[in-house]
$ cat input.txt   # compact mmCIF, C-alpha atoms and all ligand atoms
# COMPACT_ATOMS: atom_id res chain seq x y z
CA MET A 1 10.77 11.93 -17.27
CA ALA A 2 7.37 10.46 -18.20
CA LYS A 3 5.05 9.95 -15.27
CA LYS A 4 4.93 6.34 -14.07
CA ARG A 5 1.57 4.61 -14.51
CA VAL A 6 0.24 3.41 -11.16
CA ALA A 7 -2.49 0.94 -10.22
CA ILE A 8 -3.83 1.04 -6.67
CA LEU A 9 -5.29 -2.16 -5.22
CA ILE A 10 -7.92 -1.78 -2.50
CA SER A 11 -10.38 -3.89 -0.55
CA GLY A 12 -12.37 -1.33 1.43
CA ARG A 13 -12.50 2.28 2.57
CA GLY A 14 -9.65 3.43 0.37
CA SER A 15 -8.44 6.40 2.38
CA ASN A 16 -4.81 5.66 1.51
CA MET A 17 -5.80 5.35 -2.13
CA ALA A 18 -7.48 8.76 -1.86
CA ALA A 19 -4.33 10.22 -0.31
CA LEU A 20 -2.27 8.93 -3.24
CA VAL A 21 -4.76 10.27 -5.77
CA LYS A 22 -4.84 13.70 -4.12
CA ALA A 23 -1.05 13.89 -3.91
CA ALA A 24 -0.74 13.11 -7.60
CA GLN A 25 -3.38 15.71 -8.47
CA ALA A 26 -1.96 18.40 -6.20
CA ASP A 27 1.48 18.61 -7.77
CA ALA A 28 2.00 18.95 -11.51
CA ASP A 29 5.49 17.54 -11.00
CA PHE A 30 4.36 14.42 -9.11
CA PRO A 31 6.22 11.65 -10.96
CA ALA A 32 3.27 9.23 -11.05
CA ARG A 33 -0.21 9.10 -12.51
CA ILE A 34 -2.98 6.88 -11.11
CA VAL A 35 -4.34 4.92 -14.07
CA LEU A 36 -6.39 2.26 -12.28
CA VAL A 37 -8.05 1.53 -8.95
CA LEU A 38 -8.68 -2.19 -8.68
CA SER A 39 -10.69 -3.85 -5.93
CA ASN A 40 -11.17 -7.48 -5.00
CA ARG A 41 -14.50 -6.56 -3.40
CA PRO A 42 -17.30 -4.99 -5.44
CA GLU A 43 -18.65 -3.22 -2.35
CA ALA A 44 -15.35 -1.45 -1.53
CA ALA A 45 -16.27 2.12 -0.58
CA GLY A 46 -13.11 3.50 -2.19
CA LEU A 47 -14.36 2.64 -5.68
CA ALA A 48 -16.93 5.46 -5.57
CA PHE A 49 -14.25 8.01 -4.70
CA ALA A 50 -12.02 6.85 -7.55
CA ALA A 51 -14.86 6.87 -10.06
CA ALA A 52 -15.88 10.37 -8.97
CA GLU A 53 -12.29 11.49 -9.60
CA GLY A 54 -12.51 10.10 -13.12
CA ILE A 55 -10.03 7.30 -12.47
CA PRO A 56 -10.70 4.01 -14.26
CA ILE A 57 -11.89 1.36 -11.81
CA ALA A 58 -12.07 -2.42 -12.04
CA VAL A 59 -13.28 -5.21 -9.79
CA VAL A 60 -11.87 -8.73 -9.72
CA PRO A 61 -14.08 -10.38 -7.10
CA SER A 62 -11.83 -12.69 -5.08
CA LYS A 63 -14.94 -14.51 -3.85
CA LEU A 64 -15.42 -15.97 -7.33
CA TYR A 65 -12.00 -17.59 -7.20
CA GLY A 66 -12.18 -19.24 -3.78
CA LYS A 67 -8.83 -20.85 -2.99
CA ASP A 68 -7.56 -20.59 -6.56
CA ARG A 69 -5.11 -17.77 -5.94
CA ALA A 70 -3.30 -18.30 -9.23
CA ALA A 71 -6.48 -17.76 -11.25
CA PHE A 72 -7.33 -14.68 -9.19
CA ASP A 73 -3.86 -13.22 -9.69
CA ALA A 74 -4.05 -13.95 -13.43
CA ALA A 75 -7.35 -12.06 -13.65
CA MET A 76 -5.80 -9.12 -11.82
CA GLN A 77 -2.71 -9.25 -14.01
CA ALA A 78 -4.96 -8.98 -17.07
CA GLU A 79 -6.47 -5.73 -15.71
CA LEU A 80 -3.03 -4.39 -14.85
CA VAL A 81 -1.72 -5.12 -18.32
CA LYS A 82 -4.79 -3.53 -19.90
CA ALA A 83 -4.14 -0.36 -17.86
CA ARG A 84 -0.41 -0.55 -18.76
CA ALA A 85 0.44 -0.23 -15.07
CA GLU A 86 4.12 0.07 -14.18
CA ILE A 87 3.79 0.31 -10.39
CA ILE A 88 1.32 -1.30 -7.97
CA CYS A 89 0.37 0.29 -4.64
CA LEU A 90 -1.45 -2.00 -2.24
CA ALA A 91 -3.69 0.21 -0.11
CA GLY A 92 -5.65 -1.81 2.40
CA PHE A 93 -5.68 -4.73 -0.03
CA MET A 94 -6.61 -7.65 2.21
CA ARG A 95 -5.72 -10.60 0.05
CA LEU A 96 -2.48 -12.55 -0.10
CA LEU A 97 -0.81 -12.63 -3.50
CA THR A 98 0.97 -15.64 -4.97
CA PRO A 99 4.78 -15.74 -4.83
CA GLU A 100 4.77 -15.75 -8.65
CA PHE A 101 2.74 -12.54 -8.79
CA CYS A 102 5.01 -10.90 -6.20
CA GLU A 103 8.14 -11.96 -8.09
CA SER A 104 6.80 -10.63 -11.37
CA TRP A 105 6.24 -7.20 -9.76
CA SER A 106 9.43 -7.27 -7.68
CA GLY A 107 10.71 -3.75 -7.01
CA ARG A 108 7.57 -2.26 -8.53
CA MET A 109 4.95 -3.16 -5.89
CA ILE A 110 4.67 -1.41 -2.53
CA ASN A 111 2.40 -1.70 0.52
CA ILE A 112 1.48 0.30 3.58
CA HIS A 113 1.16 -1.50 6.89
CA PRO A 114 -0.31 0.02 10.06
CA ALA A 115 2.56 -0.85 12.41
CA LEU A 116 6.28 -0.34 12.81
CA LEU A 117 7.48 -3.46 11.04
CA PRO A 118 8.85 -5.98 11.78
CA SER A 119 6.61 -5.62 14.86
CA PHE A 120 2.94 -6.51 14.48
CA LYS A 121 2.77 -8.12 11.07
CA GLY A 122 -0.72 -9.22 10.05
CA LEU A 123 -4.06 -8.01 11.34
CA ASP A 124 -5.38 -6.07 14.37
CA THR A 125 -2.14 -4.18 14.74
CA HIS A 126 -3.52 -1.37 16.91
CA ALA A 127 -5.18 -3.68 19.42
CA ARG A 128 -2.01 -5.75 19.65
CA ALA A 129 0.17 -2.66 20.12
CA LEU A 130 -2.06 -1.54 23.02
CA GLU A 131 -2.03 -5.02 24.52
CA GLU A 132 1.78 -5.21 24.36
CA GLY A 133 2.13 -1.82 26.01
CA VAL A 134 4.50 -0.39 23.42
CA LYS A 135 5.17 3.32 23.85
CA PHE A 136 5.51 4.01 20.14
CA HIS A 137 3.46 2.64 17.29
CA GLY A 138 3.19 3.73 13.68
CA CYS A 139 3.20 2.72 10.06
CA THR A 140 5.57 1.37 7.46
CA THR A 141 5.80 1.43 3.71
CA HIS A 142 7.70 -1.45 2.14
CA PHE A 143 8.36 -3.33 -1.06
CA VAL A 144 6.14 -6.38 -1.42
CA THR A 145 7.81 -9.78 -1.40
CA PRO A 146 6.16 -13.21 -1.13
CA GLY A 147 6.36 -13.24 2.71
CA MET A 148 3.53 -11.31 4.35
CA ASP A 149 4.59 -7.80 5.52
CA GLU A 150 8.23 -8.82 5.05
CA GLY A 151 9.68 -6.80 2.19
CA PRO A 152 12.41 -4.15 2.50
CA ILE A 153 11.25 -1.13 4.52
CA ILE A 154 11.06 2.19 2.67
CA LEU A 155 9.63 4.76 5.12
CA GLN A 156 8.27 4.63 8.65
CA ALA A 157 6.47 7.11 10.88
CA ALA A 158 6.12 6.70 14.63
CA VAL A 159 3.42 8.06 16.91
CA PRO A 160 3.42 7.99 20.72
CA VAL A 161 0.94 5.65 22.40
CA LEU A 162 -0.98 7.68 24.99
CA ASP A 163 -2.26 6.34 28.30
CA ASP A 164 -5.87 6.95 27.36
CA ASP A 165 -5.61 5.63 23.79
CA THR A 166 -8.26 3.26 22.51
CA GLU A 167 -7.86 1.18 19.37
CA GLU A 168 -9.82 3.91 17.54
CA THR A 169 -7.82 6.93 18.73
CA LEU A 170 -4.54 5.15 18.08
CA ALA A 171 -5.67 4.01 14.63
CA ALA A 172 -6.66 7.57 13.73
CA ARG A 173 -3.27 8.97 14.77
CA VAL A 174 -1.47 6.27 12.76
CA LEU A 175 -3.74 6.76 9.74
CA ALA A 176 -2.86 10.45 9.52
CA GLU A 177 0.79 9.39 9.23
CA GLU A 178 -0.08 6.73 6.64
CA HIS A 179 -1.62 9.43 4.48
CA ARG A 180 1.63 11.37 4.73
CA ILE A 181 4.24 8.67 4.13
CA TYR A 182 2.46 6.67 1.42
CA PRO A 183 2.36 9.50 -1.14
CA GLU A 184 5.96 10.34 -0.23
CA THR A 185 6.95 6.70 -0.81
CA LEU A 186 5.25 6.61 -4.19
CA ARG A 187 6.96 9.86 -5.13
CA LEU A 188 10.37 8.36 -4.34
CA LEU A 189 9.70 5.07 -6.15
CA ALA A 190 8.25 6.73 -9.24
CA ALA A 191 11.23 9.07 -9.39
CA ASP A 192 13.58 6.04 -9.32
CA ARG A 193 15.10 7.25 -6.06
CA LEU A 194 14.93 3.95 -4.13
CA VAL A 195 17.85 1.56 -4.17
CA VAL A 196 17.41 -1.82 -2.50
CA GLU A 197 20.56 -3.24 -0.93
CA GLY A 198 19.73 -6.54 0.73
CA ARG A 199 17.02 -5.71 3.24
CA ARG A 200 17.90 -2.03 3.33
CA VAL A 201 16.46 0.66 1.10
CA ARG A 202 18.61 3.69 0.36
CA ILE A 203 17.03 6.94 -0.79
CA THR A 204 19.11 8.70 -3.40
CA PRO A 205 19.18 12.51 -3.60
CA ALA A 206 16.73 14.25 -5.89
CA GLY A 207 18.31 14.67 -9.28
C1 LIG B 301 -4.87 0.99 6.46
O1 LIG B 301 -4.67 1.33 7.82
C2 LIG B 301 -3.73 0.14 5.96
O2 LIG B 301 -2.50 0.47 6.52
C3 LIG B 301 -4.19 -1.22 6.40
O3 LIG B 301 -5.57 -1.25 6.18
C4 LIG B 301 -6.08 0.07 6.31
C5 LIG B 301 -6.84 0.38 5.05
O4 LIG B 301 -7.47 1.62 5.14
N1 LIG B 301 -3.50 -2.26 5.69
C6 LIG B 301 -3.22 -3.45 6.19
O5 LIG B 301 -3.56 -3.79 7.32
C7 LIG B 301 -2.46 -4.36 5.26
N2 LIG B 301 -1.95 -5.49 5.98
P1 LIG B 301 -7.83 2.42 3.84
O6 LIG B 301 -8.64 1.45 2.97
O7 LIG B 301 -8.67 3.56 4.32
O8 LIG B 301 -6.55 2.85 3.18

$ encode --input "input.txt" --output "structure tokens" --more "lines below"
Ligand code: GAR
Amino acid sequence: MAKKRVAILISGRGSNMAALVKAAQADADFPARIVLVLSNRPEAAGLAFAAAEGIPIAVVPSKLYGKDRAAFDAAMQAELVKARAEIICLAGFMRLLTPEFCESWSGRMINIHPALLPSFKGLDTHARALEEGVKFHGCTTHFVTPGMDEGPIILQAAVPVLDDDTEETLAARVLAEEHRIYPETLRLLAADRLVVEGRRVRITPAG
């Protein structure tokens, strides 16, 4: 099967993007190829990593578009079409997408969120997990739908919350799991092994 062409959308550090890139490079049989790293912020640190790896990069500065989300999404769509992307991975992409954009990529766009959804949607997940006193925290990969952090869950990883955890130590423990489950999620999606049934995602056996 031909490798699926993947665009990764970032806004900052890009460590999840780097994990996806490395996973694709490390295994000749990885079913996906990263063909574009696209940022909505020109200063995103992850762009330098991608460029150094020889991956095409593009910037669509969301600042230029203000509240005009449709125009911003159209500009991004143009880059995605140019790169002939078949799958989008959001990796710390901190900008809401229009329902139309989400619908047009339905089943082909995934995200990683630093919490065990449906708990702690939105921002500052680690601080909120500590504040709520939960004993387990973690991360979730999911299909992207128009509602924020709401799409069908693909994989999750849990980590214990320790008595002496700070936001930083907890975030680091969760991030290590993000770097493990996001490449695994992309592998499953690119290999056509995910079946969405309502809100549930079934993983089919490797064929
Ligand atoms: C990651 O922890 C990711 O899960 C989170 O932002 C961080 C980006 O780090 N995403 C969200 O909060 C999305 N709602 P990275 O740029 O190093 O991958």

$ residues_around --input "input.txt" --residues "range 162-165 of chain A" --least-positions-apart "3" --cutoff "9 Å" --atoms "only C-alpha atoms" --output "compact mmCIF listing (two decimals) with C-alpha atoms, keeping the file's coordinate frame"
# COMPACT_ATOMS: atom_id res chain seq x y z
CA LEU A 130 -2.06 -1.54 23.02
CA LYS A 135 5.17 3.32 23.85
CA PHE A 136 5.51 4.01 20.14
CA GLU A 168 -9.82 3.91 17.54
CA THR A 169 -7.82 6.93 18.73
CA LEU A 170 -4.54 5.15 18.08

$ closest_atom_pairs --input "input.txt" --of "range 61-168 of chain A" --to "range 10-21 of chain A" --cutoff "8 Å" --atoms "only C-alpha atoms" --output "Markdown table"
| residue | atom | partner | partner_atom | distance |
| --- | --- | --- | --- | --- |
| A:Leu90 | CA | A:Ile10 | CA | 6.5 |
| A:Ala91 | CA | A:Ile10 | CA | 5.3 |
| A:Gly92 | CA | A:Ile10 | CA | 5.4 |
| A:Phe93 | CA | A:Ile10 | CA | 4.5 |
| A:Met94 | CA | A:Ser11 | CA | 6.0 |

$ residues_around --input "input.txt" --residues "Met148 in chain A" --least-positions-apart "2" --cutoff "8 Å" --atoms "all atoms listed in the file" --output "list in words"
Leu96, Lys121, Gly122, Thr145, Pro146, Glu150 and Gly151 of chain A

$ write_last_selection --input "input.txt" --atoms "C-alpha atoms" --output "PDB file, in the frame of the given file"
ATOM      1  CA  LEU A  96      -2.480 -12.550  -0.100  1.00  0.00           C
ATOM      2  CA  LYS A 121       2.770  -8.120  11.070  1.00  0.00           C
ATOM      3  CA  GLY A 122      -0.720  -9.220  10.050  1.00  0.00           C
ATOM      4  CA  THR A 145       7.810  -9.780  -1.400  1.00  0.00           C
ATOM      5  CA  PRO A 146       6.160 -13.210  -1.130  1.00  0.00           C
ATOM      6  CA  GLU A 150       8.230  -8.820   5.050  1.00  0.00           C
ATOM      7  CA  GLY A 151       9.680  -6.800   2.190  1.00  0.00           C
TER       8      GLY A 151
END

$ atom_distance --input "input.txt" --atom1 "CA of Leu80 in chain A" --atom2 "CA of Asp27 in chain A"
24.5 Å

$ atom_distance --input "input.txt" --atom1 "CA of Ala206 in chain A" --atom2 "CA of Arg193 in chain A"
7.2 Å

$ atom_distance --input "input.txt" --atom1 "CA of His126 in chain A" --atom2 "CA of Thr141 in chain A"
16.4 Å

$ closest_residue --input "input.txt" --among "A:Met109, A:Ala115, A:Ala70, A:Ile34" --to "ligand LIG 301 (chain B)" --atoms "all atoms listed in the file"
A:Ala115

$ closest_residue --input "input.txt" --among "A:Thr185, A:Thr204, A:Ser119, A:Thr166" --to "Ala32 in chain A" --atoms "only C-alpha atoms"
A:Thr185

$ closest_residue --input "input.txt" --among "A:Arg199, A:His179, A:His137, A:Lys67" --to "ligand LIG 301 (chain B)" --atoms "all atoms listed in the file"
A:His179

$ closest_residue --input "input.txt" --among "A:Ala45, A:Leu36, A:Ile55, A:Ala129" --to "ligand LIG 301 (chain B)" --atoms "all atoms listed in the file"
A:Ala45

$ closest_residue --input "input.txt" --among "A:Ile154, A:Ala28, A:Leu9, A:Ala2" --to "ligand LIG 301 (chain B)" --atoms "all atoms listed in the file"
A:Leu9

$ closest_residue --input "input.txt" --among "A:Ala51, A:Ala7, A:Ala23, A:Cys139" --to "Lys82 in chain A" --atoms "all atoms listed in the file"
A:Ala7

$ build_atoms --input "input.txt" --residues "range 134-162 of chain A" --atoms "N, CA and C atoms" --output "PDB file, keeping the file's coordinate frame"
ATOM      1  N   VAL A 134       3.411  -1.153  24.054  1.00  0.00           N
ATOM      2  CA  VAL A 134       4.500  -0.390  23.420  1.00  0.00           C
ATOM      3  C   VAL A 134       4.242   1.103  23.590  1.00  0.00           C
ATOM      4  N   LYS A 135       5.301   1.876  23.655  1.00  0.00           N
ATOM      5  CA  LYS A 135       5.170   3.320  23.850  1.00  0.00           C
ATOM      6  C   LYS A 135       5.130   4.083  22.529  1.00  0.00           C
ATOM      7  N   PHE A 136       5.613   3.424  21.480  1.00  0.00           N
ATOM      8  CA  PHE A 136       5.510   4.010  20.140  1.00  0.00           C
ATOM      9  C   PHE A 136       4.909   2.974  19.191  1.00  0.00           C
ATOM     10  N   HIS A 137       4.077   3.478  18.302  1.00  0.00           N
ATOM     11  CA  HIS A 137       3.460   2.640  17.290  1.00  0.00           C
ATOM     12  C   HIS A 137       3.593   3.428  15.989  1.00  0.00           C
ATOM     13  N   GLY A 138       3.052   2.947  14.895  1.00  0.00           N
ATOM     14  CA  GLY A 138       3.190   3.730  13.680  1.00  0.00           C
ATOM     15  C   GLY A 138       2.842   2.979  12.435  1.00  0.00           C
ATOM     16  N   CYS A 139       3.494   3.348  11.348  1.00  0.00           N
ATOM     17  CA  CYS A 139       3.200   2.720  10.060  1.00  0.00           C
ATOM     18  C   CYS A 139       4.470   2.603   9.238  1.00  0.00           C
ATOM     19  N   THR A 140       4.390   1.722   8.258  1.00  0.00           N
ATOM     20  CA  THR A 140       5.570   1.370   7.460  1.00  0.00           C
ATOM     21  C   THR A 140       5.169   1.227   6.006  1.00  0.00           C
ATOM     22  N   THR A 141       5.951   1.792   5.115  1.00  0.00           N
ATOM     23  CA  THR A 141       5.800   1.430   3.710  1.00  0.00           C
ATOM     24  C   THR A 141       6.949   0.500   3.341  1.00  0.00           C
ATOM     25  N   HIS A 142       6.660  -0.469   2.487  1.00  0.00           N
ATOM     26  CA  HIS A 142       7.700  -1.450   2.140  1.00  0.00           C
ATOM     27  C   HIS A 142       7.443  -2.052   0.764  1.00  0.00           C
ATOM     28  N   PHE A 143       8.512  -2.567   0.178  1.00  0.00           N
ATOM     29  CA  PHE A 143       8.360  -3.330  -1.060  1.00  0.00           C
ATOM     30  C   PHE A 143       7.648  -4.636  -0.721  1.00  0.00           C
ATOM     31  N   VAL A 144       6.868  -5.135  -1.654  1.00  0.00           N
ATOM     32  CA  VAL A 144       6.140  -6.380  -1.420  1.00  0.00           C
ATOM     33  C   VAL A 144       6.957  -7.550  -1.940  1.00  0.00           C
ATOM     34  N   THR A 145       7.142  -8.526  -1.051  1.00  0.00           N
ATOM     35  CA  THR A 145       7.810  -9.780  -1.400  1.00  0.00           C
ATOM     36  C   THR A 145       6.837 -10.903  -1.023  1.00  0.00           C
ATOM     37  N   PRO A 146       7.136 -12.140  -1.403  1.00  0.00           N
ATOM     38  CA  PRO A 146       6.160 -13.210  -1.130  1.00  0.00           C
ATOM     39  C   PRO A 146       5.797 -13.374   0.350  1.00  0.00           C
ATOM     40  N   GLY A 147       6.700 -13.107   1.278  1.00  0.00           N
ATOM     41  CA  GLY A 147       6.360 -13.240   2.710  1.00  0.00           C
ATOM     42  C   GLY A 147       5.495 -12.081   3.166  1.00  0.00           C
ATOM     43  N   MET A 148       4.468 -12.360   3.953  1.00  0.00           N
ATOM     44  CA  MET A 148       3.530 -11.310   4.350  1.00  0.00           C
ATOM     45  C   MET A 148       4.210 -10.219   5.205  1.00  0.00           C
ATOM     46  N   ASP A 149       4.066  -8.967   4.781  1.00  0.00           N
ATOM     47  CA  ASP A 149       4.590  -7.800   5.520  1.00  0.00           C
ATOM     48  C   ASP A 149       6.099  -7.921   5.773  1.00  0.00           C
ATOM     49  N   GLU A 150       6.812  -8.505   4.812  1.00  0.00           N
ATOM     50  CA  GLU A 150       8.230  -8.820   5.050  1.00  0.00           C
ATOM     51  C   GLU A 150       9.227  -8.074   4.175  1.00  0.00           C
ATOM     52  N   GLY A 151       8.757  -7.385   3.159  1.00  0.00           N
ATOM     53  CA  GLY A 151       9.680  -6.800   2.190  1.00  0.00           C
ATOM     54  C   GLY A 151      10.497  -5.648   2.760  1.00  0.00           C
ATOM     55  N   PRO A 152      11.548  -5.232   2.042  1.00  0.00           N
ATOM     56  CA  PRO A 152      12.410  -4.150   2.500  1.00  0.00           C
ATOM     57  C   PRO A 152      11.619  -2.879   2.835  1.00  0.00           C
ATOM     58  N   ILE A 153      11.958  -2.307   3.989  1.00  0.00           N
ATOM     59  CA  ILE A 153      11.250  -1.130   4.520  1.00  0.00           C
ATOM     60  C   ILE A 153      11.697   0.133   3.784  1.00  0.00           C
ATOM     61  N   ILE A 154      10.730   0.943   3.376  1.00  0.00           N
ATOM     62  CA  ILE A 154      11.060   2.190   2.670  1.00  0.00           C
ATOM     63  C   ILE A 154      10.968   3.386   3.638  1.00  0.00           C
ATOM     64  N   LEU A 155       9.785   3.671   4.153  1.00  0.00           N
ATOM     65  CA  LEU A 155       9.630   4.760   5.120  1.00  0.00           C
ATOM     66  C   LEU A 155       8.837   4.270   6.315  1.00  0.00           C
ATOM     67  N   GLN A 156       9.071   4.908   7.457  1.00  0.00           N
ATOM     68  CA  GLN A 156       8.270   4.630   8.650  1.00  0.00           C
ATOM     69  C   GLN A 156       7.938   5.946   9.330  1.00  0.00           C
ATOM     70  N   ALA A 157       6.813   5.964  10.030  1.00  0.00           N
ATOM     71  CA  ALA A 157       6.470   7.110  10.880  1.00  0.00           C
ATOM     72  C   ALA A 157       6.003   6.549  12.208  1.00  0.00           C
ATOM     73  N   ALA A 158       6.478   7.166  13.288  1.00  0.00           N
ATOM     74  CA  ALA A 158       6.120   6.700  14.630  1.00  0.00           C
ATOM     75  C   ALA A 158       5.191   7.703  15.289  1.00  0.00           C
ATOM     76  N   VAL A 159       4.269   7.188  16.090  1.00  0.00           N
ATOM     77  CA  VAL A 159       3.420   8.060  16.910  1.00  0.00           C
ATOM     78  C   VAL A 159       3.508   7.547  18.352  1.00  0.00           C
ATOM     79  N   PRO A 160       3.410   8.456  19.335  1.00  0.00           N
ATOM     80  CA  PRO A 160       3.420   7.990  20.720  1.00  0.00           C
ATOM     81  C   PRO A 160       2.098   7.274  21.036  1.00  0.00           C
ATOM     82  N   VAL A 161       2.174   6.279  21.900  1.00  0.00           N
ATOM     83  CA  VAL A 161       0.940   5.650  22.400  1.00  0.00           C
ATOM     84  C   VAL A 161       0.609   6.337  23.721  1.00  0.00           C
ATOM     85  N   LEU A 162      -0.588   6.910  23.803  1.00  0.00           N
ATOM     86  CA  LEU A 162      -0.980   7.680  24.990  1.00  0.00           C
ATOM     87  C   LEU A 162      -1.714   6.783  25.985  1.00  0.00           C
TER      88      LEU A 162
END
